[in-house]
$ cat target.cif   # mmCIF, C-alpha atoms
data_input
loop_
_atom_site.label_atom_id
_atom_site.label_comp_id
_atom_site.auth_asym_id
_atom_site.auth_seq_id
_atom_site.Cartn_x
_atom_site.Cartn_y
_atom_site.Cartn_z
CA MET A 21 52.05 -41.73 26.33
CA THR A 22 53.80 -39.35 23.94
CA LYS A 23 53.54 -35.60 24.05
CA ASN A 24 51.49 -35.58 20.81
CA SER A 25 49.08 -38.12 22.29
CA ILE A 26 48.59 -35.94 25.36
CA MET A 27 47.75 -32.92 23.14
CA LYS A 28 45.23 -34.88 21.06
CA VAL A 29 43.06 -35.73 24.08
CA PRO A 30 42.06 -32.11 24.92
CA ILE A 31 41.54 -31.38 21.23
CA GLN A 32 39.22 -34.37 20.89
CA ILE A 33 37.32 -33.35 24.03
CA PHE A 34 37.03 -29.75 22.74
CA THR A 35 35.84 -30.98 19.35
CA ARG A 36 33.18 -33.22 20.91
CA ARG A 37 31.98 -30.38 23.17
CA MET A 38 31.77 -27.95 20.26
CA GLY A 39 29.91 -30.54 18.25
CA ARG A 40 27.36 -30.89 21.05
CA ILE A 41 27.00 -27.10 21.32
CA VAL A 42 26.45 -26.75 17.58
CA LEU A 43 23.95 -29.61 17.60
CA ILE A 44 22.06 -28.12 20.55
CA SER A 45 22.07 -24.66 18.89
CA LEU A 46 20.75 -26.07 15.63
CA SER A 47 18.07 -27.98 17.52
CA ILE A 48 16.98 -24.81 19.33
CA ILE A 49 16.88 -22.87 16.05
CA LEU A 50 14.90 -25.64 14.35
CA ALA A 51 12.47 -25.80 17.27
CA PHE A 52 12.03 -22.02 17.15
CA VAL A 53 11.39 -22.10 13.39
CA LEU A 54 8.85 -24.92 13.81
CA VAL A 55 7.07 -23.08 16.64
CA LEU A 56 7.05 -19.83 14.63
CA ALA A 57 5.70 -21.65 11.57
CA GLY A 58 3.02 -23.25 13.73
CA VAL A 59 2.02 -19.90 15.22
CA LEU A 60 1.86 -18.30 11.77
CA LEU A 61 -0.27 -21.15 10.47
CA VAL A 62 -2.69 -20.82 13.40
CA MET A 63 -2.83 -17.06 12.78
CA SER A 64 -3.49 -17.59 9.07
CA PRO A 65 -6.83 -19.37 8.54
CA GLY A 66 -7.35 -17.32 5.39
CA LYS A 67 -10.88 -16.12 6.08
CA PRO A 68 -12.07 -12.53 6.64
CA LYS A 69 -14.17 -11.96 9.74
CA PRO A 70 -17.95 -11.82 9.22
CA PHE A 71 -19.92 -8.87 10.53
CA LEU A 72 -21.74 -9.94 13.70
CA ASP A 73 -24.54 -8.33 15.68
CA LYS A 74 -24.54 -7.97 19.47
CA ASN A 75 -25.79 -11.55 19.77
CA GLY A 76 -22.89 -12.93 17.75
CA LYS A 77 -24.99 -13.66 14.67
CA VAL A 78 -24.03 -12.63 11.13
CA ILE A 79 -25.73 -9.33 10.29
CA ALA A 80 -28.47 -9.90 7.71
CA GLY A 81 -27.52 -8.41 4.35
CA SER A 82 -23.85 -8.04 5.25
CA ILE A 83 -21.00 -9.39 3.16
CA SER A 84 -17.42 -10.33 4.05
CA GLU A 85 -15.72 -12.51 1.50
CA LYS A 86 -12.48 -13.32 -0.26
CA ILE A 87 -13.04 -14.29 -3.87
CA TYR A 88 -11.21 -14.83 -7.12
CA VAL A 89 -12.51 -13.45 -10.41
CA ASN A 90 -11.28 -13.90 -13.97
CA ILE A 91 -10.10 -10.46 -15.01
CA ASN A 92 -8.96 -10.20 -18.62
CA GLY A 93 -7.94 -13.86 -18.67
CA VAL A 94 -6.12 -13.88 -15.31
CA LYS A 95 -7.52 -15.11 -11.97
CA GLN A 96 -7.30 -12.21 -9.56
CA GLY A 97 -8.22 -11.99 -5.89
CA MET A 98 -10.18 -9.46 -3.87
CA PHE A 99 -11.95 -8.91 -0.57
CA ILE A 100 -15.48 -7.47 -0.59
CA GLU A 101 -16.93 -6.17 2.67
CA SER A 102 -19.99 -4.28 3.82
CA LYS A 103 -22.45 -4.28 6.70
CA ASN A 104 -25.12 -3.77 4.06
CA LYS A 105 -24.42 -5.00 0.55
CA ASN A 106 -26.93 -2.46 -0.78
CA ASN A 107 -24.55 0.34 0.23
CA PRO A 108 -22.88 2.33 -2.56
CA VAL A 109 -20.00 0.33 -4.03
CA LEU A 110 -16.45 1.63 -3.61
CA LEU A 111 -13.54 0.14 -5.58
CA PHE A 112 -10.25 0.72 -3.77
CA LEU A 113 -6.96 0.75 -5.70
CA HIS A 114 -4.04 -0.02 -3.40
CA GLY A 115 -0.57 1.47 -3.42
CA GLY A 116 2.81 0.08 -4.31
CA PRO A 117 2.90 -1.02 -6.99
CA GLY A 118 2.22 -4.30 -5.27
CA MET A 119 1.16 -3.34 -1.72
CA PRO A 120 -2.39 -4.54 -0.88
CA GLU A 121 -3.99 -2.57 1.96
CA TYR A 122 -6.96 -4.63 3.11
CA THR A 123 -5.07 -5.43 6.33
CA PHE A 124 -4.75 -1.75 7.21
CA PHE A 125 -8.39 -0.89 6.59
CA GLU A 126 -9.25 -3.89 8.74
CA LYS A 127 -7.03 -2.54 11.54
CA TYR A 128 -7.42 1.24 11.32
CA CYS A 129 -10.63 2.06 9.41
CA PRO A 130 -13.14 -0.80 9.61
CA GLN A 131 -15.98 1.72 9.87
CA ILE A 132 -15.82 2.30 6.11
CA ALA A 133 -17.97 -0.85 5.78
CA ASN A 134 -20.83 1.01 7.51
CA SER A 135 -21.27 3.36 4.55
CA PHE A 136 -19.86 1.50 1.55
CA THR A 137 -19.61 -1.92 0.00
CA VAL A 138 -15.84 -1.91 -0.43
CA CYS A 139 -13.92 -4.00 -2.94
CA TYR A 140 -10.26 -4.38 -2.02
CA TRP A 141 -9.00 -5.72 -5.32
CA GLU A 142 -5.40 -6.95 -5.28
CA GLN A 143 -4.00 -5.88 -8.63
CA ARG A 144 -2.43 -8.18 -11.22
CA GLY A 145 0.79 -9.56 -9.74
CA SER A 146 -0.03 -8.37 -6.19
CA GLY A 147 -0.91 -10.44 -3.13
CA LEU A 148 -3.88 -12.70 -3.89
CA SER A 149 -3.28 -12.06 -7.61
CA TYR A 150 0.39 -13.10 -7.58
CA LYS A 151 1.42 -16.15 -9.63
CA ASN A 152 4.81 -17.74 -10.17
CA ASP A 153 4.41 -17.72 -13.94
CA ILE A 154 3.19 -14.15 -14.39
CA LEU A 155 5.09 -12.32 -17.13
CA ALA A 156 6.75 -9.02 -16.34
CA SER A 157 5.82 -7.84 -19.83
CA SER A 158 2.12 -8.14 -18.93
CA GLU A 159 2.52 -5.56 -16.16
CA THR A 160 1.89 -2.23 -17.85
CA THR A 161 -0.10 0.85 -16.94
CA GLU A 162 -2.42 0.24 -19.85
CA GLN A 163 -3.07 -3.36 -18.79
CA LEU A 164 -3.86 -2.30 -15.23
CA ILE A 165 -6.22 0.41 -16.47
CA SER A 166 -8.00 -2.27 -18.50
CA ASP A 167 -8.09 -4.57 -15.46
CA THR A 168 -9.55 -1.79 -13.30
CA LEU A 169 -12.32 -1.18 -15.79
CA SER A 170 -13.08 -4.92 -15.89
CA VAL A 171 -13.27 -5.08 -12.08
CA THR A 172 -15.52 -2.01 -12.16
CA ASN A 173 -17.93 -3.69 -14.55
CA TYR A 174 -17.90 -6.89 -12.49
CA LEU A 175 -18.94 -4.89 -9.43
CA ARG A 176 -21.56 -2.87 -11.32
CA ASN A 177 -23.16 -6.03 -12.64
CA ARG A 178 -22.94 -8.00 -9.42
CA PHE A 179 -24.42 -5.32 -7.17
CA GLY A 180 -26.79 -3.83 -9.73
CA GLN A 181 -25.36 -0.32 -9.50
CA GLN A 182 -24.97 1.76 -12.65
CA LYS A 183 -22.13 3.80 -11.16
CA ILE A 184 -19.68 3.15 -8.34
CA TYR A 185 -17.08 5.17 -6.42
CA LEU A 186 -13.39 4.90 -7.27
CA MET A 187 -10.68 5.55 -4.69
CA GLY A 188 -6.92 5.22 -5.06
CA HIS A 189 -4.05 5.52 -2.62
CA SER A 190 -0.49 6.45 -3.67
CA TRP A 191 0.33 4.29 -6.73
CA GLY A 192 -3.41 3.59 -6.87
CA THR A 193 -4.04 7.29 -7.57
CA TYR A 194 -1.69 7.20 -10.56
CA LEU A 195 -3.81 4.37 -11.90
CA GLY A 196 -7.20 5.56 -10.67
CA ILE A 197 -7.21 9.10 -12.03
CA GLN A 198 -6.41 7.77 -15.51
CA VAL A 199 -9.23 5.24 -15.21
CA ALA A 200 -11.66 7.97 -14.13
CA ALA A 201 -10.63 10.09 -17.11
CA ARG A 202 -10.97 7.15 -19.49
CA ASP A 203 -14.52 6.11 -18.55
CA PRO A 204 -16.11 8.71 -16.24
CA GLN A 205 -19.62 7.43 -16.96
CA LEU A 206 -18.86 4.39 -14.77
CA TYR A 207 -18.16 6.39 -11.62
CA LYS A 208 -20.02 8.64 -9.19
CA ALA A 209 -16.81 10.26 -7.96
CA TYR A 210 -13.05 9.87 -7.82
CA ILE A 211 -11.12 10.05 -4.52
CA GLY A 212 -7.33 10.35 -4.56
CA VAL A 213 -5.53 9.77 -1.23
CA GLY A 214 -1.90 10.83 -1.47
CA GLN A 215 -2.51 11.86 -5.08
CA VAL A 216 0.38 11.36 -7.49
CA SER A 217 1.00 14.19 -9.96
CA GLN A 218 4.68 14.52 -10.89
CA GLN A 219 6.29 11.71 -8.98
CA ARG A 220 9.87 12.18 -10.16
CA GLU A 221 9.79 15.77 -8.91
CA SER A 222 8.15 14.57 -5.70
CA GLU A 223 10.98 12.11 -5.04
CA ILE A 224 13.62 14.78 -5.62
CA GLN A 225 11.86 17.20 -3.27
CA ALA A 226 11.60 14.53 -0.59
CA TYR A 227 15.28 13.64 -0.94
CA GLN A 228 16.33 17.29 -0.63
CA TYR A 229 14.10 17.77 2.41
CA MET A 230 15.48 14.69 4.15
CA LEU A 231 19.08 15.56 3.39
CA GLY A 232 18.57 19.03 4.86
CA GLN A 233 16.71 17.69 7.88
CA TYR A 234 19.33 15.07 8.72
CA GLN A 235 22.07 17.68 8.29
CA ALA A 236 20.25 19.98 10.71
CA ASP A 237 19.81 17.08 13.15
CA GLY A 238 23.52 16.28 13.00
CA ASP A 239 22.87 12.72 11.79
CA LYS A 240 26.12 12.32 9.87
CA ASN A 241 25.57 8.61 9.24
CA MET A 242 22.24 9.16 7.45
CA VAL A 243 23.62 12.15 5.55
CA LYS A 244 26.50 10.00 4.31
CA LYS A 245 24.10 7.27 3.19
CA LEU A 246 21.87 9.72 1.33
CA GLU A 247 24.84 11.39 -0.36
CA THR A 248 25.88 8.08 -1.90
CA TYR A 249 22.87 8.60 -4.20
CA PRO A 250 23.26 11.95 -6.06
CA VAL A 251 19.54 11.94 -6.86
CA THR A 252 19.41 15.55 -8.04
CA LYS A 253 22.16 15.00 -10.62
CA TYR A 254 21.59 11.61 -12.23
CA VAL A 255 18.47 9.67 -13.23
CA SER A 256 20.39 6.43 -12.64
CA ALA A 257 21.10 7.52 -9.07
CA LEU A 258 17.40 8.16 -8.45
CA ASN A 259 16.50 4.73 -9.83
CA ALA A 260 19.11 3.03 -7.62
CA TYR A 261 17.96 5.04 -4.60
CA LEU A 262 14.35 4.01 -5.12
CA LYS A 263 15.27 0.33 -5.37
CA SER A 264 17.24 0.50 -2.13
CA SER A 265 15.77 0.29 1.37
CA LEU A 266 17.28 3.68 2.27
CA ARG A 267 14.40 5.80 0.98
CA ASP A 268 11.75 4.09 3.09
CA ASN A 269 13.96 3.86 6.17
CA ALA A 270 14.94 7.54 5.97
CA MET A 271 11.33 8.64 5.47
CA HIS A 272 9.90 6.58 8.30
CA LYS A 273 12.62 7.73 10.68
CA LEU A 274 11.46 11.33 10.10
CA GLY A 275 7.74 10.48 10.19
CA ILE A 276 7.12 11.47 6.56
CA GLY A 277 6.48 8.01 5.17
CA THR A 278 3.48 5.69 5.33
CA MET A 279 2.21 7.19 8.59
CA HIS A 280 3.50 10.08 10.68
CA ASP A 281 3.73 7.92 13.81
CA MET A 282 5.15 4.88 12.00
CA HIS A 283 8.92 4.74 12.36
CA SER A 284 9.57 1.16 11.24
CA VAL A 285 8.44 -0.69 8.13
CA ILE A 286 8.85 -3.96 10.03
CA THR A 287 6.56 -3.13 12.96
CA GLY A 288 4.26 -0.85 10.97
CA ILE A 289 3.70 -2.86 7.80
CA PHE A 290 5.28 -6.32 7.90
CA PHE A 291 3.91 -7.39 11.29
CA PRO A 292 0.29 -6.28 10.66
CA VAL A 293 0.24 -8.19 7.37
CA MET A 294 1.65 -11.35 8.99
CA GLU A 295 -0.85 -11.06 11.85
CA SER A 296 -3.91 -10.78 9.57
CA ARG A 297 -6.22 -13.80 9.77
CA ALA A 298 -7.79 -13.06 6.39
CA TYR A 299 -4.81 -14.49 4.49
CA THR A 300 -3.31 -17.97 4.50
CA LEU A 301 0.40 -18.18 5.23
CA GLY A 302 1.09 -18.80 1.54
CA GLU A 303 -0.95 -15.73 0.59
CA LYS A 304 0.99 -13.61 3.07
CA ILE A 305 4.27 -14.77 1.57
CA ASN A 306 2.90 -13.95 -1.89
CA ILE A 307 2.26 -10.36 -0.82
CA TRP A 308 6.02 -9.88 -0.38
CA ARG A 309 6.87 -11.93 -3.46
CA GLY A 310 4.49 -9.85 -5.54
CA LYS A 311 5.81 -6.57 -4.18
CA ALA A 312 9.41 -7.58 -4.96
CA PHE A 313 8.44 -8.81 -8.43
CA LEU A 314 6.59 -5.63 -9.39
CA LYS A 315 9.31 -3.37 -8.00
CA ASN A 316 12.35 -5.16 -9.37
CA SER A 317 11.17 -6.96 -12.51
CA THR A 318 8.65 -4.61 -14.12
CA ASP A 319 8.69 -1.09 -15.52
CA LEU A 320 5.64 0.09 -13.57
CA GLU A 321 7.45 2.37 -11.14
CA ASN A 322 9.40 3.97 -13.95
CA GLN A 323 6.18 4.52 -15.90
CA MET A 324 4.78 6.41 -12.93
CA LEU A 325 7.98 8.43 -12.48
CA SER A 326 8.06 9.47 -16.12
CA THR A 327 4.40 10.52 -16.30
CA ASP A 328 3.23 14.07 -15.66
CA LEU A 329 -0.41 13.61 -14.71
CA THR A 330 -1.03 17.36 -14.77
CA ILE A 331 -0.58 17.07 -18.53
CA ARG A 332 -2.01 13.60 -19.09
CA VAL A 333 -5.18 14.19 -17.03
CA PRO A 334 -6.02 17.92 -16.96
CA LYS A 335 -9.76 17.31 -16.56
CA LEU A 336 -12.24 14.92 -14.95
CA ASP A 337 -15.95 14.91 -15.70
CA ILE A 338 -16.98 13.66 -12.25
CA PRO A 339 -16.74 15.01 -8.69
CA THR A 340 -13.11 14.78 -7.55
CA TYR A 341 -11.67 14.76 -4.05
CA PHE A 342 -8.01 14.83 -2.98
CA PHE A 343 -6.94 13.84 0.55
CA SER A 344 -3.38 14.71 1.65
CA GLY A 345 -1.39 14.53 4.89
CA ILE A 346 0.62 17.60 5.82
CA TYR A 347 3.63 15.39 6.65
CA ASP A 348 3.45 13.46 3.38
CA TYR A 349 6.69 13.36 1.41
CA THR A 350 6.09 9.90 -0.05
CA VAL A 351 3.87 11.75 -2.50
CA SER A 352 4.27 15.51 -2.17
CA HIS A 353 1.14 17.12 -0.73
CA THR A 354 2.21 20.50 -2.16
CA LEU A 355 2.43 19.04 -5.68
CA ALA A 356 -0.93 17.35 -5.15
CA GLU A 357 -2.47 20.68 -4.11
CA SER A 358 -0.95 22.42 -7.12
CA TYR A 359 -2.39 19.73 -9.41
CA PHE A 360 -5.78 20.03 -7.72
CA LYS A 361 -5.94 23.77 -8.40
CA LYS A 362 -5.30 23.20 -12.12
CA LEU A 363 -7.53 20.16 -12.50
CA GLN A 364 -10.93 20.84 -14.06
CA ALA A 365 -13.86 18.99 -12.50
CA PRO A 366 -17.56 19.79 -11.91
CA ILE A 367 -17.10 19.50 -8.13
CA LYS A 368 -13.76 19.53 -6.33
CA GLY A 369 -12.61 19.16 -2.75
CA PHE A 370 -9.08 19.26 -1.32
CA TYR A 371 -8.60 18.10 2.27
CA LEU A 372 -5.41 18.55 4.26
CA PHE A 373 -4.99 16.26 7.27
CA LYS A 374 -2.95 18.00 9.96
CA ASP A 375 -1.84 14.85 11.84
CA SER A 376 -1.12 12.60 8.88
CA ALA A 377 1.65 11.68 6.49
CA HIS A 378 0.85 9.41 3.53
CA SER A 379 -2.22 7.55 4.85
CA PRO A 380 -4.93 9.88 6.22
CA MET A 381 -7.59 7.15 6.14
CA PHE A 382 -5.53 5.13 8.63
CA GLU A 383 -4.08 8.02 10.66
CA GLU A 384 -7.24 10.14 11.02
CA PRO A 385 -10.02 7.68 10.18
CA ASP A 386 -12.81 9.65 11.89
CA LYS A 387 -12.09 12.79 9.87
CA PHE A 388 -11.68 10.68 6.74
CA MET A 389 -15.06 9.02 7.21
CA HIS A 390 -16.77 12.32 8.07
CA ILE A 391 -15.64 13.74 4.72
CA MET A 392 -16.62 10.58 2.87
CA GLN A 393 -20.13 10.74 4.36
CA GLU A 394 -20.73 14.49 4.30
CA ASP A 395 -19.06 15.44 1.01
CA VAL A 396 -18.33 12.44 -1.18
CA LEU A 397 -21.64 10.63 -0.73
CA THR A 398 -23.61 13.87 -1.12
CA GLY A 399 -21.61 15.11 -4.11
CA LYS A 400 -20.60 18.33 -2.36
CA ASN A 401 -17.44 19.95 -1.00
CA ASN A 402 -18.73 21.63 2.16
CA LEU A 403 -15.74 20.55 4.25
CA ALA A 404 -13.01 21.21 1.70
CA ASP A 405 -10.00 23.32 2.61
CA ILE A 406 -9.86 24.66 -0.95
CA LYS A 407 -12.99 25.16 -3.05
#
$ encode --input "target.cif" --output "C-alpha cells"
Amino acid sequence: MTKNSIMKVPIQIFTRRMGRIVLISLSIILAFVLVLAGVLLVMSPGKPKPFLDKNGKVIAGSISEKIYVNINGVKQGMFIESKNKNNPVLLFLHGGPGMPEYTFFEKYCPQIANSFTVCYWEQRGSGLSYKNDILASSETTEQLISDTLSVTNYLRNRFGQQKIYLMGHSWGTYLGIQVAARDPQLYKAYIGVGQVSQQRESEIQAYQYMLGQYQADGDKNMVKKLETYPVTKYVSALNAYLKSSLRDNAMHKLGIGTMHDMHSVITGIFFPVMESRAYTLGEKINIWRGKAFLKNSTDLENQMLSTDLTIRVPKLDIPTYFFSGIYDYTVSHTLAESYFKKLQAPIKGFYLFKDSAHSPMFEEPDKFMHIMQEDVLTGKNNLADIK
C-alpha cells in the first residue's frame, strides 16, 4: 500500500463521519421544525373564546366572533366581543401602522367586554386584513379615515346605536382624532391612548433622552449605535433610524417603549401573538407580513411624522379623553399633555398613569377601566388630572 493510499483511508473515514453528523443534525433540525409547526398549528385553531358562565355555558346575549366585512371594496377582518351585545359599542383603532392589538386586550384587559361591545378592527393591510395583492398606493391616511367611517356605520347599523365610542392607541390616535373631527355626530366620545400630536418632534425628544440616559449609564455600545443615526441633524437619518430595529430595542431596554416592564419585543409582543388561539397560523404570519409591508412599502409613517395635529385638529365637538403613561417616549406624554391643553372640546379629561409607558390599558387595566366607567361612559371628567 502506498503512502498516498494510507492517507486516503483516514480522509474517507473522516468524510463519512462528517456526512453522518451533518445528516443527523439536519434530521434533528427538521424534526424540531416539524414539532414546532405542529405545536403552532394546535395553538392556532383560529377561533376567539366564547364568554361562559359558571356552568360552562355561553352567556346569553354575549358575542365573541371573528368576521370579515366588505369595507370600501376590500374584505377586512375584525373581532367583536362583549358579554352583553346591548352594551355601548366601542370601535378600537390599533397602533402601528400595522400592529393589531386584540391579543393584548385578550391577555391584559379582558374586562373591557363587561362594559362595552368592542370591535377590534384590523385596518386595511394589517393582520386579518392583509392580502398579497394589496397596493401600497391604496394605503393613505385619507383612505384609512374613510375605512374607519365605513366600519363605524357598519357597527351603528348592526347594533342599532346612533352613536358609538371611538378609541385609538398610538398610530390609531393619529387616525382616530381626525375621524372624530371629520364626523363628530357619529361618536359619543373620543379616547386617545398614547395620543400622537407632533410625532417627528416626539421621536427627536425620545432619541435625545435615550442618548443621554445611555451615556449616564455608561453603555458605550448603545451610545455608539445611536450615534450612527444623527437624528437631530438630518431627516434622512431619522427615517433610517425609524426603519431599523434599534429604536424599539433601545426603548424597551429602558422601559419607555410598549410597556414599562416589557424589555423585549420578542417575549413581550411576538410570543403573545403566536400563542393566541384566536388566529390561525396563517393569520399570525400575516400580522408580521402586514406590519412589514405597511412600515417598509407605504408612506403612512411619514404621513404621521409630517403632520402637526395641533394645527390640523385644534377642536373636537365631542367629549375627549387622553390617557398617557408617565414613562411613554414612544409617543411623548408631555407633547400629548400640551396638545390636550390647547385642544377645544365640550368636555375634556387628561389622565396620567404613573406605572405605565405606552400602553396604560394593558399596564394598569383596573385604573383604565375605572376611568372608562366613571368618566367616559358618564360623559364627565371627575377623575381627570387636568380639567
$ residues_around --input "target.cif" --residues "Gln364 in chain A" --least-positions-apart "3" --cutoff "7 Å" --atoms "all atoms listed in the file" --output "VMD selection string"
chain A and resid 334 to 336
$ closest_atom_pairs --input "target.cif" --of "range 104-153 of chain A" --to "range 305-308 of chain A" --cutoff "8 Å" --atoms "all atoms listed in the file" --output "JSON lines"
{"residue": "A:Gly118", "atom": "CA", "partner": "A:Ile307", "partner_atom": "CA", "distance": 7.5}
{"residue": "A:Met119", "atom": "CA", "partner": "A:Ile307", "partner_atom": "CA", "distance": 7.2}
{"residue": "A:Pro120", "atom": "CA", "partner": "A:Ile307", "partner_atom": "CA", "distance": 7.4}
{"residue": "A:Ser146", "atom": "CA", "partner": "A:Ile307", "partner_atom": "CA", "distance": 6.2}
{"residue": "A:Gly147", "atom": "CA", "partner": "A:Ile307", "partner_atom": "CA", "distance": 3.9}
{"residue": "A:Leu148", "atom": "CA", "partner": "A:Asn306", "partner_atom": "CA", "distance": 7.2}
{"residue": "A:Tyr150", "atom": "CA", "partner": "A:Asn306", "partner_atom": "CA", "distance": 6.3}
$ write_last_selection --input "target.cif" --atoms "C-alpha atoms" --output "mmCIF file, keeping the file's coordinate frame"
data_model
loop_
_atom_site.group_PDB
_atom_site.id
_atom_site.type_symbol
_atom_site.label_atom_id
_atom_site.label_comp_id
_atom_site.auth_asym_id
_atom_site.auth_seq_id
_atom_site.Cartn_x
_atom_site.Cartn_y
_atom_site.Cartn_z
ATOM 1 C CA GLY A 118 2.220 -4.300 -5.270
ATOM 2 C CA MET A 119 1.160 -3.340 -1.720
ATOM 3 C CA PRO A 120 -2.390 -4.540 -0.880
ATOM 4 C CA SER A 146 -0.030 -8.370 -6.190
ATOM 5 C CA GLY A 147 -0.910 -10.440 -3.130
ATOM 6 C CA LEU A 148 -3.880 -12.700 -3.890
ATOM 7 C CA TYR A 150 0.390 -13.100 -7.580
#
$ resolve_selection --input "target.cif" --expression "the PyMOL selection byres ((chain A and resi 332) around 10)" --output "list in words"
Ile197, Gln198, Ala201, Ser217, Thr327, Asp328, Leu329, Thr330, Ile331, Val333, Pro334 and Lys335 of chain A
$ atom_distance --input "target.cif" --atom1 "CA of Ser64 in chain A" --atom2 "CA of Gly302 in chain A"
8.9 Å
$ resolve_selection --input "target.cif" --expression "the PyMOL selection byres ((chain A and resi 169) around 12)" --output "PyMOL selection string"
chain A and resi 91-92+111+113+141+143+162-168+170-176+183-184+186+195-196+198-207
$ resolve_selection --input "target.cif" --expression "the PyMOL selection byres ((chain A and resi 389-406) around 10)" --output "number ranges by chain"
A: 108, 129, 131-132, 134-136, 185, 208-211, 338-343, 357, 360-361, 366-373, 381, 384-388, 407
$ residues_around --input "target.cif" --residues "Glu159 in chain A" --least-positions-apart "3" --cutoff "10 Å" --atoms "all atoms listed in the file" --output "list in words"
Gln143, Arg144, Gly145, Ile154, Leu155, Ala156, Glu162, Gln163, Leu164, Leu314, Ser317, Thr318, Asp319 and Leu320 of chain A
$ atom_distance --input "target.cif" --atom1 "CA of Leu72 in chain A" --atom2 "CA of Phe179 in chain A"
21.5 Å
$ atom_distance --input "target.cif" --atom1 "CA of Gly238 in chain A" --atom2 "CA of Thr354 in chain A"
26.5 Å
$ closest_residue --input "target.cif" --among "A:Gln228, A:Ser265, A:Gln182, A:Ser102" --to "Thr137 in chain A" --atoms "all atoms listed in the file"
A:Ser102
$ residues_around --input "target.cif" --residues "Tyr249 in chain A" --least-positions-apart "3" --cutoff "10 Å" --atoms "all atoms listed in the file" --output "list in words"
Tyr227, Lys244, Lys245, Leu246, Thr252, Lys253, Tyr254, Ser256, Ala257, Leu258, Asn259, Ala260, Tyr261, Leu262 and Leu266 of chain A
$ closest_residue --input "target.cif" --among "A:Glu303, A:Pro117, A:Ser158, A:Gly66" --to "Glu85 in chain A" --atoms "all atoms listed in the file"
A:Gly66
$ closest_residue --input "target.cif" --among "A:Val213, A:Val78, A:Val109, A:Leu231" --to "Arg178 in chain A" --atoms "all atoms listed in the file"
A:Val109
$ closest_residue --input "target.cif" --among "A:Ala270, A:Gln219, A:Gly345, A:Leu363" --to "Tyr194 in chain A" --atoms "only C-alpha atoms"
A:Gln219
$ residues_around --input "target.cif" --residues "Gly116 in chain A" --least-positions-apart "6" --cutoff "9 Å" --atoms "all atoms listed in the file" --output "list in words"
His189, Ser190, Trp191, Gly192, Lys311, Leu314, Lys315 and Glu321 of chain A
$ closest_residue --input "target.cif" --among "A:Thr248, A:Ser326, A:Asn316, A:Ser284" --to "Glu221 in chain A" --atoms "all atoms listed in the file"
A:Ser326
$ build_atoms --input "target.cif" --residues "range 153-164 of chain A" --atoms "N, CA, C and O atoms" --output "PDB file, keeping the file's coordinate frame"
ATOM      1  N   ASP A 153       4.153 -17.778 -12.502  1.00  0.00           N
ATOM      2  CA  ASP A 153       4.410 -17.720 -13.940  1.00  0.00           C
ATOM      3  C   ASP A 153       3.958 -16.419 -14.601  1.00  0.00           C
ATOM      4  O   ASP A 153       3.913 -16.330 -15.826  1.00  0.00           O
ATOM      5  N   ILE A 154       3.647 -15.408 -13.798  1.00  0.00           N
ATOM      6  CA  ILE A 154       3.190 -14.150 -14.390  1.00  0.00           C
ATOM      7  C   ILE A 154       4.349 -13.495 -15.143  1.00  0.00           C
ATOM      8  O   ILE A 154       5.498 -13.517 -14.692  1.00  0.00           O
ATOM      9  N   LEU A 155       4.068 -12.941 -16.299  1.00  0.00           N
ATOM     10  CA  LEU A 155       5.090 -12.320 -17.130  1.00  0.00           C
ATOM     11  C   LEU A 155       5.244 -10.852 -16.787  1.00  0.00           C
ATOM     12  O   LEU A 155       4.263 -10.116 -16.678  1.00  0.00           O
ATOM     13  N   ALA A 156       6.492 -10.425 -16.627  1.00  0.00           N
ATOM     14  CA  ALA A 156       6.750  -9.020 -16.340  1.00  0.00           C
ATOM     15  C   ALA A 156       6.231  -8.126 -17.454  1.00  0.00           C
ATOM     16  O   ALA A 156       5.776  -7.000 -17.205  1.00  0.00           O
ATOM     17  N   SER A 157       6.271  -8.633 -18.681  1.00  0.00           N
ATOM     18  CA  SER A 157       5.820  -7.840 -19.830  1.00  0.00           C
ATOM     19  C   SER A 157       4.324  -7.564 -19.798  1.00  0.00           C
ATOM     20  O   SER A 157       3.841  -6.644 -20.473  1.00  0.00           O
ATOM     21  N   SER A 158       3.577  -8.356 -19.017  1.00  0.00           N
ATOM     22  CA  SER A 158       2.120  -8.140 -18.930  1.00  0.00           C
ATOM     23  C   SER A 158       1.769  -7.040 -17.931  1.00  0.00           C
ATOM     24  O   SER A 158       0.617  -6.626 -17.843  1.00  0.00           O
ATOM     25  N   GLU A 159       2.752  -6.576 -17.178  1.00  0.00           N
ATOM     26  CA  GLU A 159       2.520  -5.560 -16.160  1.00  0.00           C
ATOM     27  C   GLU A 159       2.811  -4.166 -16.732  1.00  0.00           C
ATOM     28  O   GLU A 159       3.924  -3.671 -16.678  1.00  0.00           O
ATOM     29  N   THR A 160       1.779  -3.571 -17.298  1.00  0.00           N
ATOM     30  CA  THR A 160       1.890  -2.230 -17.850  1.00  0.00           C
ATOM     31  C   THR A 160       0.768  -1.362 -17.303  1.00  0.00           C
ATOM     32  O   THR A 160      -0.258  -1.873 -16.833  1.00  0.00           O
ATOM     33  N   THR A 161       0.956  -0.068 -17.369  1.00  0.00           N
ATOM     34  CA  THR A 161      -0.100   0.850 -16.940  1.00  0.00           C
ATOM     35  C   THR A 161      -1.383   0.602 -17.721  1.00  0.00           C
ATOM     36  O   THR A 161      -2.482   0.546 -17.151  1.00  0.00           O
ATOM     37  N   GLU A 162      -1.244   0.438 -19.009  1.00  0.00           N
ATOM     38  CA  GLU A 162      -2.420   0.240 -19.850  1.00  0.00           C
ATOM     39  C   GLU A 162      -3.171  -1.032 -19.479  1.00  0.00           C
ATOM     40  O   GLU A 162      -4.407  -1.060 -19.447  1.00  0.00           O
ATOM     41  N   GLN A 163      -2.431  -2.106 -19.185  1.00  0.00           N
ATOM     42  CA  GLN A 163      -3.070  -3.360 -18.790  1.00  0.00           C
ATOM     43  C   GLN A 163      -3.819  -3.200 -17.474  1.00  0.00           C
ATOM     44  O   GLN A 163      -4.938  -3.696 -17.309  1.00  0.00           O
ATOM     45  N   LEU A 164      -3.222  -2.489 -16.526  1.00  0.00           N
ATOM     46  CA  LEU A 164      -3.860  -2.300 -15.230  1.00  0.00           C
ATOM     47  C   LEU A 164      -5.064  -1.375 -15.318  1.00  0.00           C
ATOM     48  O   LEU A 164      -6.036  -1.527 -14.560  1.00  0.00           O
TER      49      LEU A 164
END
